[in-house]
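Notes to accompany the following structure.
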Amino acid sequence: MSQVIKAVRGMQDLLPEKKARFRRIEDQARRVLGQYGYQEVGLPVIENTHLFNRLVGSTTDIVEKEMYSFNDRNDESLTLRPEGTAGLVRFVNEHGLAFNQTQRLWYTGPMFRYERPQKGRYRQFDQIGVECIGMQGPDIDAELLLLCARLWRALGIEDQVRLEINSIGDTASRQAFSAALVEFLNDRSDELDEDSRRRLETNPMRILDSKVPTTQALLSGAPRLKDFVDAQSQQHFEDLCAILDAAKVEYHVNPKIVRGLDYYNRTVFEWVTDSLGAQGTICGGGRYDGLVEQLGGKPTPCVGFALGLDRLALMFEDRPEEAATAQIYAVSVGDQARREMMVVAEMLREETGLKIQVHTGSGKLKAQMKKADASGAEVALILAEDELAAGVVALRELRGTAHQTTVVAGDLPEALRKIFKQDR
Ligand code: ATP
Ligand code: MG
């Protein structure tokens, strides 16, 4: 026997129950996004590599070591998207959607990052990305957070997540802060963990959200980002907080939140849960007012977030998902009955819209009824010799009473509607 081929490391298979869970979350998100007037768009999974090199900033973890890049047959360097915002900005520029207009857009699909796989961290994972183009905020920033809060309520997890927000100011304030931070830490670099020492050269602000206790201790005496944030950004942030207060959205101002991607400015936020261990951020985002211009468009204020579906789905792992089994299981004995049952089932799908699973292959009636029972269906339709001879179909209720009647095929839709309480 040849060896069984396995999935690539870090790439997840979604078994039916898990896929159903993803689908349910996505359905809720789609509904909530619709309530706020957001439109779904479709973006390619592959982009030119230079898009990410230019937009994400070449010193972030993603670009430094997480991208899946390859040369195609034409020797062009392409990349499986590690995140969606860069592609979305490319998209709005390419279709002229950014200039002098506003957009509320969202997309969903797989992202790819070469990371060390662990619970809540995979090499292919799904995000829902939501992006607002052409609005300065802070009202639109608040809208995005209200939308998230509504989604958590719809999913019943509002008590398990908390909102952490921060303002990182404009580009100049970030640069001034970065410089001050580097100066402070340079003198103490032998006390830093290895990752942070590397970041000192490449992306110093990321050191702030280091998980290493000694590094965190060192930071307690470091310059504070808050003191570098420009007055306009500070006002923007206060206005945002005022809207959140008025709308009764709870939040914590967390000065350590800076986000992993270079392109953020002003508002940054994360929705965090304690129920997933180290991978506790289920959703993150912020403002990226410079990005559209960076990709050749006119200066355009933007704000958005990305929600990690895989992590969100993990929060529901202990709850059974309603499996997509049949409502009706159709069994038959003999070739003629089998043919007729196929036709009857088609007629019923057409007339009632119910989920019908037809038993395939042959088999004794008893064995087939066992399958019907195991399928979770509420009703079995039976067509064996007796029924065939009498020109009827037997209808047995599988849960509770085990009540059985016989019905001519033409009356089945009505009988089933009654059982499944469908209005005409
Ligand atoms: P982390 O700090 O956990 O690595 P991040 O800052 O890299 O997250 P973002 O780029 O902001 O994450 O992506 C938004 C969301 O996408 C995250 O909050 C998380 O829920 C999800 N996500 C990011 N990377 C992964 C991954 N490798 N596997 C599963 N989900 C992920
Ligand atoms: Mg990451």
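The chains in the structure tokens are called A, B, ... from first to last as shown; in each chain the residues are counted from 1, and the ligands are counted from 1 in the order shown.
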How close does region 305-332 of chain A get to region 24-27 of chain A? List, as a Markdown table, each residue of region 305-332 of chain A within 12 Å, its nearest atom pair and the distance in Å to one decimal, counting only C-alpha atoms.
| residue | atom | partner | partner_atom | distance |
| --- | --- | --- | --- | --- |
| A:Leu307 | CA | A:Glu26 | CA | 10.6 |
| A:Gly308 | CA | A:Ile25 | CA | 10.9 |
| A:Leu309 | CA | A:Ile25 | CA | 7.8 |
| A:Asp310 | CA | A:Ile25 | CA | 10.2 |
| A:Arg311 | CA | A:Ile25 | CA | 11.3 |
| A:Leu312 | CA | A:Ile25 | CA | 8.2 |
| A:Ala313 | CA | A:Ile25 | CA | 7.5 |
| A:Leu314 | CA | A:Ile25 | CA | 11.2 |
| A:Met315 | CA | A:Ile25 | CA | 11.0 |
| A:Phe316 | CA | A:Ile25 | CA | 9.9 |
| A:Glu321 | CA | A:Arg24 | CA | 9.1 |
| A:Glu322 | CA | A:Arg24 | CA | 9.8 |
| A:Ala323 | CA | A:Arg24 | CA | 11.3 |
| A:Ala324 | CA | A:Arg24 | CA | 11.6 |
Include all heavy atoms and write out the residues we just selected as an mmCIF file, in the first residue's frame.
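Written out: out-v1.cif:
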data_model
loop_
_atom_site.group_PDB
_atom_site.id
_atom_site.type_symbol
_atom_site.label_atom_id
_atom_site.label_comp_id
_atom_site.auth_asym_id
_atom_site.auth_seq_id
_atom_site.Cartn_x
_atom_site.Cartn_y
_atom_site.Cartn_z
ATOM 1 N N LEU A 307 -10.708 40.341 11.355
ATOM 2 C CA LEU A 307 -11.186 39.446 12.405
ATOM 3 C C LEU A 307 -10.706 38.040 12.050
ATOM 4 O O LEU A 307 -10.856 37.609 10.912
ATOM 5 C CB LEU A 307 -12.699 39.556 12.367
ATOM 6 C CG LEU A 307 -13.623 38.871 13.303
ATOM 7 C CD1 LEU A 307 -14.959 39.584 13.220
ATOM 8 C CD2 LEU A 307 -13.808 37.427 12.948
ATOM 9 N N GLY A 308 -10.092 37.364 13.000
ATOM 10 C CA GLY A 308 -9.595 36.019 12.747
ATOM 11 C C GLY A 308 -10.675 34.981 12.999
ATOM 12 O O GLY A 308 -11.025 34.697 14.133
ATOM 13 N N LEU A 309 -11.208 34.421 11.913
ATOM 14 C CA LEU A 309 -12.325 33.471 12.044
ATOM 15 C C LEU A 309 -11.920 32.210 12.807
ATOM 16 O O LEU A 309 -12.710 31.676 13.581
ATOM 17 C CB LEU A 309 -12.814 33.060 10.653
ATOM 18 C CG LEU A 309 -13.940 33.877 10.050
ATOM 19 C CD1 LEU A 309 -14.244 33.377 8.647
ATOM 20 C CD2 LEU A 309 -15.196 33.732 10.912
ATOM 21 N N ASP A 310 -10.669 31.771 12.582
ATOM 22 C CA ASP A 310 -10.244 30.523 13.224
ATOM 23 C C ASP A 310 -10.258 30.654 14.748
ATOM 24 O O ASP A 310 -10.712 29.763 15.456
ATOM 25 C CB ASP A 310 -8.832 30.146 12.754
ATOM 26 C CG ASP A 310 -8.760 30.029 11.247
ATOM 27 O OD1 ASP A 310 -8.852 31.087 10.575
ATOM 28 O OD2 ASP A 310 -8.652 28.912 10.743
ATOM 29 N N ARG A 311 -9.720 31.791 15.210
ATOM 30 C CA ARG A 311 -9.690 31.997 16.666
ATOM 31 C C ARG A 311 -11.097 32.188 17.221
ATOM 32 O O ARG A 311 -11.434 31.657 18.275
ATOM 33 C CB ARG A 311 -8.832 33.218 17.007
ATOM 34 C CG ARG A 311 -7.376 32.916 16.812
ATOM 35 C CD ARG A 311 -6.496 34.004 17.348
ATOM 36 N NE ARG A 311 -5.174 33.839 16.752
ATOM 37 C CZ ARG A 311 -4.203 34.733 16.817
ATOM 38 N NH1 ARG A 311 -4.411 35.870 17.455
ATOM 39 N NH2 ARG A 311 -3.057 34.504 16.246
ATOM 40 N N LEU A 312 -11.904 32.930 16.478
ATOM 41 C CA LEU A 312 -13.282 33.132 16.920
ATOM 42 C C LEU A 312 -13.996 31.786 17.024
ATOM 43 O O LEU A 312 -14.679 31.498 18.010
ATOM 44 C CB LEU A 312 -13.983 34.050 15.911
ATOM 45 C CG LEU A 312 -15.272 34.711 16.322
ATOM 46 C CD1 LEU A 312 -15.121 35.414 17.657
ATOM 47 C CD2 LEU A 312 -15.711 35.710 15.253
ATOM 48 N N ALA A 313 -13.786 30.938 16.022
ATOM 49 C CA ALA A 313 -14.450 29.634 16.010
ATOM 50 C C ALA A 313 -13.994 28.770 17.189
ATOM 51 O O ALA A 313 -14.783 27.996 17.735
ATOM 52 C CB ALA A 313 -14.188 28.912 14.687
ATOM 53 N N LEU A 314 -12.724 28.920 17.593
ATOM 54 C CA LEU A 314 -12.226 28.143 18.736
ATOM 55 C C LEU A 314 -13.024 28.437 19.999
ATOM 56 O O LEU A 314 -13.140 27.593 20.885
ATOM 57 C CB LEU A 314 -10.752 28.465 18.995
ATOM 58 C CG LEU A 314 -9.714 27.788 18.098
ATOM 59 C CD1 LEU A 314 -8.324 28.314 18.427
ATOM 60 C CD2 LEU A 314 -9.765 26.277 18.266
ATOM 61 N N MET A 315 -13.582 29.652 20.075
ATOM 62 C CA MET A 315 -14.357 30.014 21.268
ATOM 63 C C MET A 315 -15.654 29.222 21.374
ATOM 64 O O MET A 315 -16.304 29.231 22.403
ATOM 65 C CB MET A 315 -14.666 31.516 21.271
ATOM 66 C CG MET A 315 -13.423 32.381 21.360
ATOM 67 S SD MET A 315 -13.795 34.131 21.334
ATOM 68 C CE MET A 315 -14.529 34.368 22.954
ATOM 69 N N PHE A 316 -16.037 28.549 20.287
ATOM 70 C CA PHE A 316 -17.304 27.804 20.289
ATOM 71 C C PHE A 316 -17.080 26.294 20.267
ATOM 72 O O PHE A 316 -18.005 25.537 20.078
ATOM 73 C CB PHE A 316 -18.154 28.199 19.079
ATOM 74 C CG PHE A 316 -18.539 29.648 19.082
ATOM 75 C CD1 PHE A 316 -17.744 30.580 18.440
ATOM 76 C CD2 PHE A 316 -19.664 30.080 19.747
ATOM 77 C CE1 PHE A 316 -18.077 31.921 18.450
ATOM 78 C CE2 PHE A 316 -20.012 31.423 19.767
ATOM 79 C CZ PHE A 316 -19.214 32.338 19.116
ATOM 80 N N GLU A 321 -22.278 21.907 17.231
ATOM 81 C CA GLU A 321 -22.796 22.663 16.091
ATOM 82 C C GLU A 321 -23.888 21.821 15.459
ATOM 83 O O GLU A 321 -23.770 20.612 15.367
ATOM 84 C CB GLU A 321 -21.665 22.890 15.099
ATOM 85 C CG GLU A 321 -21.841 24.045 14.151
ATOM 86 C CD GLU A 321 -21.841 25.388 14.876
ATOM 87 O OE1 GLU A 321 -21.133 25.551 15.903
ATOM 88 O OE2 GLU A 321 -22.557 26.271 14.397
ATOM 89 N N GLU A 322 -24.962 22.446 15.053
ATOM 90 C CA GLU A 322 -26.006 21.676 14.393
ATOM 91 C C GLU A 322 -25.460 21.149 13.075
ATOM 92 O O GLU A 322 -25.095 21.913 12.194
ATOM 93 C CB GLU A 322 -27.234 22.551 14.128
ATOM 94 C CG GLU A 322 -28.438 21.724 13.753
ATOM 95 C CD GLU A 322 -29.494 22.541 13.027
ATOM 96 O OE1 GLU A 322 -29.684 23.714 13.400
ATOM 97 O OE2 GLU A 322 -30.101 22.008 12.089
ATOM 98 N N ALA A 323 -25.340 19.833 12.987
ATOM 99 C CA ALA A 323 -24.779 19.249 11.765
ATOM 100 C C ALA A 323 -25.809 19.357 10.652
ATOM 101 O O ALA A 323 -27.005 19.342 10.889
ATOM 102 C CB ALA A 323 -24.403 17.800 12.012
ATOM 103 N N ALA A 324 -25.316 19.451 9.438
ATOM 104 C CA ALA A 324 -26.212 19.663 8.306
ATOM 105 C C ALA A 324 -26.798 18.348 7.828
ATOM 106 O O ALA A 324 -26.747 18.005 6.657
ATOM 107 C CB ALA A 324 -25.461 20.357 7.182
#
Within 7 Å of ligand 1, counting only C-alpha atoms and all ligand atoms, residues as a list in words =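 Residues satisfying the distance criterion: Glu83, Arg113, Glu115, Gly120, Arg121, Tyr122, Arg123, Gln124, Phe125, Asp126, Gln127, Arg259, Gly260, Gln279, Thr281, Ile282, Cys283, Gly284, Gly285, Ala306, Leu307, Gly308, Leu309, Asp310 and Arg311 of chain A.
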query = Tell me, which residues of region 19-215 of chain A carry DSSP strand (DSSP E or B), written as a ChimeraX atom specification?
reply = /A:39-40,46-48,68-71,77-80,103-112,118,121,124-133,161-167
task = For Ser210 (chain A), list every protein, DNA or RNA residue within 10 Å, evaluated using only C-alpha atoms, and leave out those in the same chain fewer than 6 positions away; present the list as an NGL selection string.
result = :A and (193 or 195-196 or 216 or 219 or 256)
message = Ranking A:Ile62, A:Ser375, A:Leu43, A:Arg349 by minimum distance to ligand 2 and counting only C-alpha atoms and all ligand atoms, which one comes first?
response =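 Smallest separation from ligand 2 among the options: A:Ile62.
Taking only C-alpha atoms and all ligand atoms into account, ligand 2 lies nearest to A:Met67 out of the set A:Met369, A:Met67, A:Ala374, A:Met347.
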task = Could you check which of A:Phe269, A:Tyr329, A:Phe305, A:Tyr263 is closest to Arg54 (chain A), using only C-alpha atoms?
result =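 Nearest to Arg54 (chain A): A:Tyr263.
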inquiry  = Residues within 12 Å of region 87-99 of chain A, please, as an MDAnalysis selection string. Count only C-alpha atoms; anything in the same chain fewer than 3 positions from it doesn't count.
reply    = chainID A and resid 40:52 54:56 79:84 102:108 111 129:135 263 288:306
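Put simply, CA of Lys6 (chain A) is 24.7 Å away from CA of Asp72 (chain A).
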request  = Excluding region 151-165 of chain A and any residue of its chain fewer than 4 positions from it, enumerate the residues within 9 Å of it, using only C-alpha atoms, and give them as a ChimeraX atom specification.
outcome  = /A:25,28-29,32-33,145-147,249-255,257,267-275,282,315
Write a file of the just-selected residues containing N, CA, C and O atoms, as a compact mmCIF listing (two decimals), in the first residue's frame.
# COMPACT_ATOMS: atom_id res chain seq x y z
N ILE A 25 -20.68 31.69 11.92
CA ILE A 25 -20.08 32.97 12.31
C ILE A 25 -20.11 33.94 11.13
O ILE A 25 -20.46 35.11 11.26
N GLN A 28 -23.53 35.37 10.50
CA GLN A 28 -23.86 36.45 11.45
C GLN A 28 -23.13 37.73 11.06
O GLN A 28 -23.70 38.82 11.09
N ALA A 29 -21.85 37.59 10.71
CA ALA A 29 -21.06 38.77 10.33
C ALA A 29 -21.68 39.42 9.08
O ALA A 29 -21.83 40.65 9.02
N VAL A 32 -24.80 41.32 10.15
CA VAL A 32 -24.50 42.55 10.90
C VAL A 32 -23.89 43.60 9.97
O VAL A 32 -24.28 44.77 10.00
N LEU A 33 -22.94 43.20 9.13
CA LEU A 33 -22.32 44.15 8.20
C LEU A 33 -23.36 44.78 7.29
O LEU A 33 -23.31 45.97 6.98
N LEU A 145 -16.34 49.91 15.77
CA LEU A 145 -16.30 49.25 17.07
C LEU A 145 -17.71 48.86 17.53
O LEU A 145 -17.91 47.80 18.13
N LEU A 146 -18.69 49.69 17.20
CA LEU A 146 -20.08 49.35 17.50
C LEU A 146 -20.51 48.11 16.73
O LEU A 146 -21.22 47.24 17.25
N LEU A 147 -20.05 48.07 15.50
CA LEU A 147 -20.37 46.92 14.64
C LEU A 147 -19.79 45.64 15.23
O LEU A 147 -20.47 44.61 15.32
N VAL A 249 -20.23 51.59 24.94
CA VAL A 249 -19.30 50.51 24.57
C VAL A 249 -18.14 50.57 25.56
O VAL A 249 -17.49 51.60 25.69
N GLU A 250 -17.92 49.48 26.25
CA GLU A 250 -16.82 49.46 27.21
C GLU A 250 -15.48 49.30 26.51
O GLU A 250 -15.37 48.55 25.54
N TYR A 251 -14.46 50.00 27.02
CA TYR A 251 -13.13 49.87 26.43
C TYR A 251 -12.08 50.15 27.50
O TYR A 251 -12.37 50.76 28.53
N HIS A 252 -10.87 49.67 27.24
CA HIS A 252 -9.74 50.02 28.09
C HIS A 252 -8.72 50.70 27.21
O HIS A 252 -8.39 50.19 26.15
N VAL A 253 -8.22 51.84 27.65
CA VAL A 253 -7.13 52.46 26.92
C VAL A 253 -5.86 51.72 27.32
O VAL A 253 -5.51 51.66 28.48
N ASN A 254 -5.22 51.10 26.33
CA ASN A 254 -4.01 50.31 26.59
C ASN A 254 -2.84 50.90 25.80
O ASN A 254 -2.75 50.72 24.59
N PRO A 255 -1.95 51.61 26.50
CA PRO A 255 -0.85 52.30 25.80
C PRO A 255 0.13 51.35 25.13
O PRO A 255 0.96 51.79 24.35
N ILE A 257 -0.74 48.91 23.08
CA ILE A 257 -1.22 48.43 21.78
C ILE A 257 -0.65 49.30 20.68
O ILE A 257 -0.90 50.51 20.62
N THR A 267 -5.87 55.96 15.65
CA THR A 267 -6.59 54.90 16.37
C THR A 267 -6.05 53.50 16.07
O THR A 267 -5.94 53.12 14.90
N VAL A 268 -5.74 52.75 17.09
CA VAL A 268 -5.49 51.30 16.93
C VAL A 268 -6.29 50.57 18.00
O VAL A 268 -6.53 51.11 19.08
N PHE A 269 -6.74 49.37 17.68
CA PHE A 269 -7.53 48.64 18.67
C PHE A 269 -7.42 47.14 18.50
O PHE A 269 -7.04 46.64 17.44
N GLU A 270 -7.73 46.43 19.55
CA GLU A 270 -7.79 44.97 19.53
C GLU A 270 -8.96 44.51 20.39
O GLU A 270 -9.24 45.11 21.42
N TRP A 271 -9.62 43.48 19.93
CA TRP A 271 -10.61 42.78 20.77
C TRP A 271 -9.93 41.52 21.27
O TRP A 271 -9.43 40.72 20.47
N VAL A 272 -9.91 41.37 22.58
CA VAL A 272 -9.11 40.31 23.19
C VAL A 272 -9.99 39.42 24.07
O VAL A 272 -10.95 39.89 24.68
N THR A 273 -9.64 38.14 24.10
CA THR A 273 -10.34 37.23 25.00
C THR A 273 -9.33 36.49 25.87
O THR A 273 -8.18 36.29 25.46
N ASP A 274 -9.76 36.08 27.06
CA ASP A 274 -8.88 35.29 27.92
C ASP A 274 -9.11 33.80 27.72
O ASP A 274 -8.41 32.98 28.29
N SER A 275 -10.09 33.46 26.90
CA SER A 275 -10.45 32.04 26.82
C SER A 275 -9.64 31.26 25.79
O SER A 275 -9.87 30.08 25.60
N ILE A 282 -8.69 38.30 18.87
CA ILE A 282 -9.55 37.74 17.82
C ILE A 282 -9.78 38.75 16.71
O ILE A 282 -10.20 38.38 15.63
N MET A 315 -13.58 29.65 20.08
CA MET A 315 -14.36 30.01 21.27
C MET A 315 -15.65 29.22 21.37
O MET A 315 -16.30 29.23 22.40
Residue nearest Lys366 (chain A) among A:Thr171, A:Thr406, A:Asn100, A:Ser332 (counting only C-alpha atoms) = A:Ser332
key: DSSP-assigned helix (DSSP H, G or I) members of region 124-315 of chain A, reported as an MDAnalysis selection string   = chainID A and resid 139:155 171:186 189:191 194:202 204:209 213:219 225:228 231:246 291:294 309:314
Distance in Å - CA of Ala247 (chain A) versus CA of Ala142 (chain A) =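 Calculated distance between CA of Ala247 (chain A) and CA of Ala142 (chain A) is 9.1 Å.
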task = Work out how far CA of Ile382 (chain A) is from CA of Met341 (chain A), in Å to one decimal.
result = 8.6 Å
